[in-house]
$ cat protein02.txt   # compact mmCIF, C-alpha atoms
# COMPACT_ATOMS: atom_id res chain seq x y z
CA MET N 9 0.00 0.00 0.00
CA ASN N 10 1.16 3.52 -0.78
CA TYR N 11 0.73 5.09 2.65
CA ARG N 12 1.44 8.58 1.41
CA GLU N 13 -1.59 8.63 -0.88
CA LEU N 14 -3.65 9.17 2.27
CA THR N 15 -1.48 12.00 3.62
CA PRO N 16 -3.35 15.03 2.19
CA SER N 17 -6.79 13.88 3.34
CA VAL N 18 -5.53 12.95 6.81
CA ILE N 19 -3.82 16.34 7.18
CA GLY N 20 -7.09 17.94 6.12
CA VAL N 21 -9.00 16.13 8.88
CA LEU N 22 -6.51 17.32 11.53
CA VAL N 23 -6.67 20.90 10.28
CA ARG N 24 -10.48 20.84 10.44
CA ARG N 25 -10.22 19.62 14.02
CA GLY N 26 -8.13 22.64 14.95
CA ALA N 27 -4.49 21.75 14.25
CA ASP N 28 -2.39 24.23 12.30
CA PHE N 29 -1.03 22.88 9.02
CA ALA N 30 2.61 22.49 10.07
CA ALA N 31 1.73 20.65 13.27
CA ALA N 32 -0.75 18.46 11.40
CA GLU N 33 1.90 17.61 8.81
CA ASP N 34 4.40 16.64 11.53
CA ALA N 35 1.81 14.49 13.29
CA VAL N 36 0.86 12.70 10.08
CA GLN N 37 4.52 12.00 9.33
CA ASP N 38 4.87 10.40 12.77
CA ALA N 39 1.75 8.34 12.09
CA LEU N 40 3.15 7.19 8.73
CA VAL N 41 6.33 6.03 10.42
CA GLU N 42 4.22 4.00 12.84
CA ALA N 43 2.18 2.62 9.90
CA VAL N 44 5.31 1.44 8.11
CA ARG N 45 6.36 -0.32 11.29
CA THR N 46 3.07 -2.04 12.19
CA TRP N 47 0.87 -2.44 9.13
CA PRO N 48 2.80 -5.24 7.39
CA ALA N 49 2.11 -7.53 10.35
CA ASP N 50 -1.27 -6.13 11.37
CA PRO N 51 -2.99 -4.12 8.60
CA PRO N 52 -5.98 -2.03 9.78
CA ARG N 53 -9.45 -2.44 8.31
CA ASP N 54 -9.72 1.32 7.89
CA PRO N 55 -6.28 2.71 6.96
CA LYS N 56 -7.39 6.34 6.83
CA GLY N 57 -9.24 6.10 10.14
CA TRP N 58 -6.18 4.49 11.71
CA LEU N 59 -3.92 7.27 10.43
CA VAL N 60 -6.31 9.98 11.62
CA THR N 61 -6.50 8.47 15.11
CA VAL N 62 -2.74 7.99 15.51
CA ALA N 63 -1.88 11.36 13.97
CA TRP N 64 -4.36 13.17 16.21
CA ARG N 65 -2.85 11.50 19.27
CA ARG N 66 0.62 12.57 18.15
CA PHE N 67 -0.65 16.12 17.66
CA LEU N 68 -2.22 16.19 21.13
CA ASP N 69 0.93 14.78 22.72
CA ALA N 70 3.08 17.40 21.00
CA THR N 71 0.68 20.19 21.95
CA ARG N 72 0.66 19.14 25.60
CA ALA N 73 4.43 18.78 25.70
CA GLU N 74 4.87 22.27 24.29
CA ALA N 75 2.33 23.71 26.73
CA ALA N 76 4.05 21.98 29.65
CA ARG N 77 7.42 23.34 28.52
CA ARG N 78 6.05 26.88 28.39
CA ARG N 79 4.50 26.50 31.85
CA ARG N 80 7.82 25.31 33.29
CA GLU N 81 9.63 28.28 31.75
CA GLU N 82 7.03 30.71 33.06
CA ALA N 83 7.02 29.13 36.52
CA ALA N 84 10.81 29.30 36.72
CA GLY N 85 10.70 33.07 36.32
CA ASP N 86 7.74 33.69 38.62
CA GLU N 87 7.88 34.47 42.33
CA PRO N 88 4.92 34.24 44.68
CA ALA N 89 3.01 37.48 45.00
CA PRO N 90 3.15 39.14 48.43
CA GLY N 91 0.18 38.91 50.75
CA PRO N 92 -2.23 36.10 51.64
CA ALA N 93 -2.84 33.19 49.30
CA ALA N 94 -5.87 33.29 47.05
CA GLU N 95 -8.99 31.69 48.44
CA THR N 96 -9.56 28.17 47.10
CA ASP N 97 -12.84 26.87 45.74
CA ASP N 98 -14.32 24.29 48.10
CA THR N 99 -17.29 23.47 45.87
CA LEU N 100 -15.79 20.23 44.58
CA ARG N 101 -15.03 19.07 48.11
CA LEU N 102 -18.64 19.77 49.05
CA TYR N 103 -19.75 17.60 46.13
CA PHE N 104 -17.70 14.74 47.53
CA LEU N 105 -19.23 15.24 50.96
CA CYS N 106 -22.79 15.40 49.59
CA ALA N 107 -22.09 12.21 47.62
CA HIS N 108 -21.51 10.36 50.88
CA PRO N 109 -21.51 6.54 50.57
CA SER N 110 -24.52 6.32 52.90
CA LEU N 111 -26.74 8.20 50.40
CA THR N 112 -28.38 6.90 47.24
CA PRO N 113 -27.41 8.80 44.06
CA ALA N 114 -30.93 10.33 43.86
CA SER N 115 -30.71 11.62 47.44
CA ALA N 116 -27.15 12.82 46.84
CA VAL N 117 -28.26 14.87 43.83
CA ALA N 118 -31.16 16.46 45.72
CA LEU N 119 -28.93 17.31 48.69
CA THR N 120 -26.22 18.70 46.40
CA LEU N 121 -28.67 20.91 44.52
CA ARG N 122 -29.98 22.29 47.81
CA ALA N 123 -26.79 22.56 49.86
CA VAL N 124 -24.24 23.37 47.15
CA GLY N 125 -26.22 24.54 44.14
CA GLY N 126 -28.24 27.00 46.22
CA LEU N 127 -31.59 26.01 44.69
CA THR N 128 -34.74 26.28 46.75
CA THR N 129 -36.74 23.18 47.54
CA ARG N 130 -39.48 24.44 45.21
CA GLN N 131 -37.00 24.83 42.32
CA ILE N 132 -35.68 21.31 42.83
CA ALA N 133 -39.22 19.93 43.05
CA ASP N 134 -40.16 21.71 39.83
CA ALA N 135 -37.10 20.24 38.10
CA TYR N 136 -38.20 16.74 39.10
CA LEU N 137 -41.93 17.40 38.54
CA VAL N 138 -42.81 16.30 42.09
CA PRO N 139 -44.70 18.17 44.84
CA GLU N 140 -42.60 20.51 46.96
CA ALA N 141 -43.52 18.54 50.10
CA THR N 142 -42.22 15.32 48.53
CA MET N 143 -38.88 16.91 47.67
CA ALA N 144 -38.64 18.52 51.12
CA GLN N 145 -39.02 15.08 52.69
CA ARG N 146 -36.37 13.63 50.37
CA ILE N 147 -33.87 16.36 51.27
CA SER N 148 -34.68 16.08 54.98
CA ARG N 149 -34.09 12.34 54.90
CA ALA N 150 -30.75 12.90 53.17
CA LYS N 151 -29.73 15.44 55.82
CA ARG N 152 -30.73 13.08 58.62
CA THR N 153 -28.76 10.28 56.99
CA VAL N 154 -25.51 12.23 56.92
CA SER N 155 -26.07 14.07 60.22
CA GLY N 156 -24.99 11.05 62.22
CA VAL N 157 -21.98 10.05 60.15
CA ARG N 158 -18.49 11.45 59.91
CA LEU N 159 -17.94 13.60 56.84
CA ASP N 160 -14.28 12.72 56.60
CA GLN N 161 -15.36 9.78 54.44
CA PRO N 162 -16.49 11.47 51.23
CA GLY N 163 -18.10 9.65 48.34
CA ASP N 164 -15.98 7.88 45.77
CA VAL N 165 -15.18 9.29 42.34
CA ALA N 166 -17.82 7.19 40.58
CA THR N 167 -20.60 8.59 42.77
CA VAL N 168 -19.35 12.16 42.38
CA LEU N 169 -19.26 11.72 38.60
CA ARG N 170 -22.82 10.44 38.66
CA VAL N 171 -23.95 13.42 40.72
CA LEU N 172 -22.12 15.88 38.47
CA TYR N 173 -23.75 14.36 35.39
CA LEU N 174 -27.21 14.48 36.91
CA VAL N 175 -26.67 18.09 38.00
CA PHE N 176 -25.49 18.89 34.46
CA ASN N 177 -28.65 17.33 33.05
CA GLU N 178 -30.83 19.40 35.39
CA GLY N 179 -29.08 22.51 34.11
CA TYR N 180 -29.27 21.31 30.51
CA SER N 181 -32.96 20.52 30.43
CA GLY N 182 -34.47 22.53 33.27
CA ASP N 183 -35.20 26.15 34.00
CA VAL N 184 -32.21 26.63 36.31
CA ASP N 185 -28.86 26.83 34.51
CA LEU N 186 -26.43 24.50 36.26
CA ALA N 187 -24.75 23.04 33.17
CA ALA N 188 -21.87 25.52 33.01
CA GLU N 189 -21.14 25.04 36.71
CA ALA N 190 -21.13 21.24 36.32
CA ILE N 191 -18.66 21.58 33.43
CA ARG N 192 -16.44 23.90 35.49
CA LEU N 193 -16.33 21.45 38.38
CA THR N 194 -15.65 18.48 36.09
CA ARG N 195 -12.75 20.40 34.53
CA GLN N 196 -11.46 21.05 38.03
CA LEU N 197 -11.83 17.38 38.94
CA ALA N 198 -9.90 16.38 35.81
CA THR N 199 -6.91 18.44 36.98
CA VAL N 200 -6.68 16.68 40.34
CA ILE N 201 -7.72 13.11 39.49
CA ASP N 202 -6.11 11.06 36.74
CA HIS N 203 -9.08 8.93 35.70
CA PRO N 204 -10.28 8.28 32.11
CA GLU N 205 -13.94 8.36 33.17
CA VAL N 206 -13.50 11.91 34.50
CA SER N 207 -12.27 12.83 31.03
CA GLY N 208 -15.11 10.82 29.51
CA LEU N 209 -17.68 12.77 31.51
CA LEU N 210 -16.05 16.09 30.62
CA ALA N 211 -16.09 15.17 26.92
CA LEU N 212 -19.75 14.11 27.15
CA MET N 213 -20.74 17.38 28.82
CA LEU N 214 -18.84 19.48 26.26
CA LEU N 215 -20.38 17.65 23.31
CA HIS N 216 -23.91 17.97 24.69
CA HIS N 217 -23.38 21.59 25.71
CA ALA N 218 -22.16 22.41 22.20
CA ARG N 219 -25.68 21.69 20.89
CA ARG N 220 -27.52 23.67 23.53
CA ASP N 221 -28.33 26.79 21.50
CA ALA N 222 -29.91 24.66 18.76
CA ARG N 223 -32.15 22.64 21.08
CA ILE N 224 -34.77 25.33 21.67
CA ALA N 225 -36.65 27.22 18.93
CA ALA N 226 -37.48 30.92 19.08
CA ASP N 227 -40.95 30.10 20.45
CA GLY N 228 -39.44 28.03 23.26
CA SER N 229 -40.31 24.65 21.74
CA LEU N 230 -37.93 21.69 21.83
CA VAL N 231 -36.04 20.96 18.58
CA PRO N 232 -35.19 17.26 18.11
CA LEU N 233 -31.58 16.40 17.24
CA ALA N 234 -32.39 15.49 13.63
CA ALA N 235 -34.08 18.86 13.03
CA GLN N 236 -31.48 21.06 14.72
CA ASP N 237 -29.60 23.76 12.80
CA ARG N 238 -26.09 22.33 13.02
CA GLY N 239 -24.67 25.68 12.07
CA ARG N 240 -25.61 26.80 15.58
CA TRP N 241 -23.56 24.05 17.23
CA ASP N 242 -20.44 25.31 19.02
CA THR N 243 -17.57 23.85 16.97
CA VAL N 244 -14.96 24.95 19.52
CA LEU N 245 -16.64 22.93 22.27
CA ILE N 246 -17.06 19.99 19.89
CA ALA N 247 -13.36 20.03 18.97
CA GLU N 248 -12.40 20.16 22.64
CA GLY N 249 -14.80 17.39 23.55
CA VAL N 250 -13.50 15.13 20.78
CA ALA N 251 -9.89 15.79 21.79
CA VAL N 252 -10.60 15.03 25.46
CA LEU N 253 -12.47 11.85 24.46
CA GLN N 254 -9.71 10.59 22.17
CA THR N 255 -7.15 11.03 24.92
CA ALA N 256 -9.34 9.08 27.34
CA LEU N 257 -10.04 6.27 24.85
CA SER N 258 -6.32 5.94 24.07
CA ARG N 259 -5.81 4.68 27.61
CA ASP N 260 -7.90 1.58 26.83
CA ARG N 261 -9.91 1.75 30.08
CA LEU N 262 -13.38 2.13 28.62
CA GLY N 263 -16.20 3.27 30.89
CA GLU N 264 -19.81 4.24 30.35
CA PHE N 265 -19.17 8.00 30.16
CA GLN N 266 -16.54 7.48 27.47
CA ALA N 267 -18.95 5.29 25.49
CA GLN N 268 -21.72 7.88 25.79
CA ALA N 269 -19.30 10.59 24.70
CA ALA N 270 -18.31 8.49 21.68
CA ILE N 271 -21.97 8.35 20.63
CA ALA N 272 -22.29 12.12 21.08
CA ALA N 273 -19.11 12.61 19.03
CA LEU N 274 -20.53 10.57 16.16
CA HIS N 275 -23.61 12.79 16.12
CA ALA N 276 -21.39 15.88 16.18
CA ASP N 277 -19.27 14.55 13.33
CA ALA N 278 -22.22 14.29 10.91
CA GLN N 279 -22.77 17.34 8.69
CA ASP N 280 -26.50 16.61 8.73
CA ALA N 281 -28.82 13.97 10.17
CA ALA N 282 -28.70 11.85 7.00
CA GLU N 283 -24.92 11.40 7.35
CA THR N 284 -25.11 10.03 10.90
CA ASP N 285 -23.14 6.78 11.25
CA TRP N 286 -25.92 4.80 12.94
CA VAL N 287 -24.16 1.47 12.48
CA GLN N 288 -21.22 2.65 14.55
CA ILE N 289 -23.58 4.22 17.09
CA VAL N 290 -25.28 0.84 17.54
CA GLU N 291 -21.84 -0.69 18.16
CA TRP N 292 -21.14 1.87 20.89
CA TYR N 293 -24.54 1.15 22.42
CA ASP N 294 -23.54 -2.51 22.47
CA GLU N 295 -20.52 -1.48 24.55
CA LEU N 296 -22.76 0.54 26.85
CA VAL N 297 -25.10 -2.41 27.34
CA ARG N 298 -22.09 -4.57 28.17
CA LEU N 299 -20.80 -2.01 30.67
CA THR N 300 -24.09 -1.14 32.38
CA GLY N 301 -26.76 -3.72 31.56
CA SER N 302 -29.15 -0.76 31.79
CA PRO N 303 -32.63 -1.19 30.29
CA ILE N 304 -32.61 2.56 29.52
CA VAL N 305 -29.48 2.04 27.43
CA ARG N 306 -31.24 -0.83 25.64
CA LEU N 307 -34.18 1.48 24.93
CA ASN N 308 -31.88 4.13 23.44
CA ARG N 309 -30.10 1.40 21.49
CA ALA N 310 -33.47 0.42 19.96
CA VAL N 311 -33.75 3.91 18.46
CA ALA N 312 -30.29 3.55 16.91
CA VAL N 313 -31.19 0.09 15.58
CA GLY N 314 -34.36 1.58 14.07
CA GLU N 315 -32.24 4.16 12.26
CA ALA N 316 -29.58 1.69 11.15
CA ASP N 317 -31.77 -1.27 10.17
CA GLY N 318 -35.27 0.15 9.79
CA ALA N 319 -38.22 0.85 12.10
CA ARG N 320 -39.33 -2.80 12.21
CA ALA N 321 -35.94 -3.80 13.64
CA GLY N 322 -36.24 -1.08 16.27
CA LEU N 323 -39.74 -2.20 17.21
CA ALA N 324 -38.49 -5.77 17.58
CA GLU N 325 -35.86 -4.51 20.01
CA ILE N 326 -38.29 -2.61 22.25
CA ALA N 327 -40.70 -5.56 22.25
CA THR N 328 -38.24 -7.27 24.62
CA LEU N 329 -38.24 -4.34 27.07
CA ASP N 330 -40.52 -3.30 29.93
CA PRO N 331 -43.17 -0.80 28.68
CA SER N 332 -43.04 0.98 32.06
CA LEU N 333 -39.52 2.25 31.33
CA PRO N 334 -39.21 6.06 31.26
CA ARG N 335 -39.58 7.36 27.69
CA TYR N 336 -40.69 3.95 26.39
CA PRO N 337 -43.95 5.39 24.92
CA ALA N 338 -42.01 8.20 23.19
CA VAL N 339 -39.56 5.76 21.60
CA ALA N 340 -42.38 3.40 20.60
CA ALA N 341 -44.32 6.32 19.11
CA TYR N 342 -41.35 7.43 17.01
CA LEU N 343 -40.69 3.93 15.69
CA HIS N 344 -44.38 3.29 14.92
CA GLU N 345 -44.55 6.57 13.01
CA ARG N 346 -41.43 5.60 11.06
CA ASP N 347 -43.14 2.29 10.30
CA GLY N 348 -46.24 4.06 8.95
CA ASP N 349 -48.63 3.33 11.84
CA ARG N 350 -49.68 6.91 12.57
CA GLU N 351 -52.72 6.05 14.68
CA THR N 352 -50.68 4.02 17.16
CA ALA N 353 -47.93 6.63 17.09
CA ALA N 354 -50.37 9.45 17.95
CA ARG N 355 -51.78 7.49 20.88
CA LEU N 356 -48.30 6.74 22.20
CA TYR N 357 -47.15 10.36 21.78
CA THR N 358 -50.10 11.44 23.93
CA GLU N 359 -49.23 8.81 26.54
CA ALA N 360 -45.58 9.94 26.49
CA ALA N 361 -46.58 13.60 26.93
CA HIS N 362 -48.47 12.76 30.12
CA ALA N 363 -45.38 11.07 31.52
CA ALA N 364 -42.82 13.68 30.35
CA SER N 365 -40.28 14.85 32.93
CA ASN N 366 -40.19 18.53 31.93
CA ALA N 367 -42.45 21.09 30.30
CA ALA N 368 -40.46 21.45 27.05
CA GLU N 369 -40.52 17.71 26.40
CA ARG N 370 -44.22 17.50 27.29
CA ASP N 371 -45.10 20.29 24.87
CA HIS N 372 -43.02 18.71 22.10
CA LEU N 373 -44.71 15.32 22.48
CA THR N 374 -48.14 16.96 22.60
CA ARG N 375 -47.39 18.73 19.32
CA GLN N 376 -46.28 15.45 17.77
CA ALA N 377 -49.57 13.80 18.75
CA ALA N 378 -51.57 16.77 17.47
CA ARG N 379 -49.69 16.73 14.16
CA LEU N 380 -50.56 13.08 13.53
CA ASN N 381 -54.15 13.45 14.69
CA ALA N 382 -54.63 16.41 12.36
CA ARG N 383 -53.72 14.19 9.43
$ encode --input "protein02.txt" --output "structure tokens"
Amino acid sequence: MNYRELTPSVIGVLVRRGADFAAAEDAVQDALVEAVRTWPADPPRDPKGWLVTVAWRRFLDATRAEAARRRREEAAGDEPAPGPAAETDDTLRLYFLCAHPSLTPASAVALTLRAVGGLTTRQIADAYLVPEATMAQRISRAKRTVSGVRLDQPGDVATVLRVLYLVFNEGYSGDVDLAAEAIRLTRQLATVIDHPEVSGLLALMLLHHARRDARIAADGSLVPLAAQDRGRWDTVLIAEGVAVLQTALSRDRLGEFQAQAAIAALHADAQDAAETDWVQIVEWYDELVRLTGSPIVRLNRAVAVGEADGARAGLAEIATLDPSLPRYPAVAAYLHERDGDRETAARLYTEAAHAASNAAERDHLTRQAARLNAR
């Protein structure tokens, strides 16, 4: 194989991802050297994809090395400023304390939102669509649980990551904006803990946050992913999220946040909905099922199967799942509409609207039902 035939297109990919031309050229040359060494014994199925991956890693390594060199040079010439040290941010420590091992993740999130996020009980209740009294009891139980335990035993990283992701989702989909704060804290966590799942969560947040402006129409209605104006996606956040994800995946310690981020990256990579690589998305969902065994993951996988192999295949997948799962009626409605059964789809959209977890989703599903009924 003439490796160098692929050089221009691989350099082009790196440049589009944010590398300058000279650095991209150097990285591709390093990747070609590695290809000459390894391909004769173990040729890749996708030569260009292999070169892009290896070259991008070389570029990131070189960029980090140069940044570290500059920091060392700057630090060598700096002296501490006179006066007291700057006040540190204890928010992350509070997250660890609120994610105490004695609490369930749901209780930990509610307590964190109240004690650290500063939300009122009514705001938290509205976010979860439960009565204020119910949420007050949940928070009170969480406080009682931790009141009798020592708080020098904070929650583990996995629990804190789960809480951060749930807080991010409340900010992403609710009325109270917590998403940026969750990203800030996850960035902070990534600087103090060397863990690929921390990077995986950061990448996932960045890739989701990049689409935020396109999710809501001017009238406040929810815009589904397939209908979003991709020109409104934040390409800087996407490039950062992809770079963080690739670094995490290169460590070969796959976790569920990395797998979710890989799915988000595939959506971000498509120029429009028709170009989405659904086959590869199904493969990543297979990894997620293996990692989590979650029925919710299986439900989301059914949507991807319906896109990759047709609506009938997706319907066959959800037929094996519990209809009481959250969002099951919405998924079933979408697949039935794709299969041409509009009457069933309209009924299921109405059912899904009644069970929706937030106002924007409820309004969107109601409009979907009304659209089909009008026909």
$ atom_distance --input "protein02.txt" --atom1 "CA of Thr194 (chain N)" --atom2 "CA of Leu209 (chain N)"
7.6 Å
$ closest_residue --input "protein02.txt" --among "N:Ala31, N:Val311, N:Arg223, N:Gly322" --to "Glu74 (chain N)" --atoms "all atoms listed in the file"
N:Ala31
$ atom_distance --input "protein02.txt" --atom1 "CA of Ala190 (chain N)" --atom2 "CA of Val175 (chain N)"
6.6 Å
$ atom_distance --input "protein02.txt" --atom1 "CA of Ile201 (chain N)" --atom2 "CA of His216 (chain N)"
22.5 Å
$ residues_around --input "protein02.txt" --residues "Ala70 (chain N)" --least-positions-apart "5" --cutoff "10 Å" --atoms "all atoms listed in the file" --output "ChimeraX atom specification"
/N:31,34-35,64-65,75-76
$ closest_residue --input "protein02.txt" --among "N:Thr199, N:Ala378, N:Val252, N:Val21" --to "Leu100 (chain N)" --atoms "only C-alpha atoms"
N:Thr199
$ closest_residue --input "protein02.txt" --among "N:Lys151, N:His362, N:Arg122, N:Arg130" --to "Ala338 (chain N)" --atoms "only C-alpha atoms"
N:His362
$ closest_residue --input "protein02.txt" --among "N:Gln236, N:Thr328, N:Gln145, N:Thr358" --to "Ala341 (chain N)" --atoms "all atoms listed in the file"
N:Thr358
$ closest_residue --input "protein02.txt" --among "N:Trp292, N:Phe67, N:Trp47, N:Phe104" --to "Val23 (chain N)" --atoms "all atoms listed in the file"
N:Phe67
$ residues_around --input "protein02.txt" --residues "Ala310 (chain N)" --least-positions-apart "6" --cutoff "9 Å" --atoms "all atoms listed in the file" --output "PyMOL selection string"
chain N and resi 290+321-326+339
$ closest_residue --input "protein02.txt" --among "N:Val305, N:Ala256, N:Ala272, N:Val231" --to "Gln376 (chain N)" --atoms "all atoms listed in the file"
N:Val231
$ residues_around --input "protein02.txt" --residues "Ala43 (chain N)" --least-positions-apart "3" --cutoff "12 Å" --atoms "all atoms listed in the file" --output "compact mmCIF listing (two decimals) with C-alpha atoms, in the frame of the given file"
# COMPACT_ATOMS: atom_id res chain seq x y z
CA MET N 9 0.00 0.00 0.00
CA ASN N 10 1.16 3.52 -0.78
CA TYR N 11 0.73 5.09 2.65
CA ARG N 12 1.44 8.58 1.41
CA LEU N 14 -3.65 9.17 2.27
CA THR N 15 -1.48 12.00 3.62
CA VAL N 36 0.86 12.70 10.08
CA GLN N 37 4.52 12.00 9.33
CA ASP N 38 4.87 10.40 12.77
CA ALA N 39 1.75 8.34 12.09
CA LEU N 40 3.15 7.19 8.73
CA THR N 46 3.07 -2.04 12.19
CA TRP N 47 0.87 -2.44 9.13
CA PRO N 48 2.80 -5.24 7.39
CA ALA N 49 2.11 -7.53 10.35
CA ASP N 50 -1.27 -6.13 11.37
CA PRO N 51 -2.99 -4.12 8.60
CA PRO N 52 -5.98 -2.03 9.78
CA PRO N 55 -6.28 2.71 6.96
CA LYS N 56 -7.39 6.34 6.83
CA GLY N 57 -9.24 6.10 10.14
CA TRP N 58 -6.18 4.49 11.71
CA LEU N 59 -3.92 7.27 10.43
CA VAL N 60 -6.31 9.98 11.62
CA THR N 61 -6.50 8.47 15.11
CA VAL N 62 -2.74 7.99 15.51
CA ALA N 63 -1.88 11.36 13.97
$ residues_around --input "protein02.txt" --residues "Ala276 (chain N)" --least-positions-apart "2" --cutoff "9 Å" --atoms "only C-alpha atoms" --output "JSON list (two decimals) with C-alpha atoms, keeping the file's coordinate frame"
[["chain", "number", "residue", "atom", "x", "y", "z"],
["N", 215, "LEU", "CA", -20.38, 17.65, 23.31],
["N", 218, "ALA", "CA", -22.16, 22.41, 22.20],
["N", 219, "ARG", "CA", -25.68, 21.69, 20.89],
["N", 238, "ARG", "CA", -26.09, 22.33, 13.02],
["N", 241, "TRP", "CA", -23.56, 24.05, 17.23],
["N", 243, "THR", "CA", -17.57, 23.85, 16.97],
["N", 246, "ILE", "CA", -17.06, 19.99, 19.89],
["N", 271, "ILE", "CA", -21.97, 8.35, 20.63],
["N", 272, "ALA", "CA", -22.29, 12.12, 21.08],
["N", 273, "ALA", "CA", -19.11, 12.61, 19.03],
["N", 274, "LEU", "CA", -20.53, 10.57, 16.16],
["N", 278, "ALA", "CA", -22.22, 14.29, 10.91],
["N", 279, "GLN", "CA", -22.77, 17.34, 8.69],
["N", 284, "THR", "CA", -25.11, 10.03, 10.90]]
$ residues_around --input "protein02.txt" --residues "Thr142 (chain N)" --least-positions-apart "4" --cutoff "10 Å" --atoms "all atoms listed in the file" --output "CSV table (one decimal) with C-alpha atoms, in the coordinates of the input"
chain,number,residue,atom,x,y,z
N,129,THR,CA,-36.7,23.2,47.5
N,133,ALA,CA,-39.2,19.9,43.0
N,138,VAL,CA,-42.8,16.3,42.1
N,146,ARG,CA,-36.4,13.6,50.4
N,147,ILE,CA,-33.9,16.4,51.3
N,148,SER,CA,-34.7,16.1,55.0
$ axis_aligned_box --input "protein02.txt" --around "region 199-203 of chain N" --padding-each-side "6 Å" --output "lines of an AutoDock Vina configuration file"
center_x = -7.6
center_y = 13.7
center_z = 38.0
size_x = 15.0
size_y = 21.5
size_z = 16.6
$ residues_near_point --input "protein02.txt" --point "(-17.6, 3.0, 34.3)" --cutoff "12 Å" --atoms "all atoms listed in the file" --output "PyMOL selection string"
chain N and resi 165-167+169-170+203-209+261-268+295-301
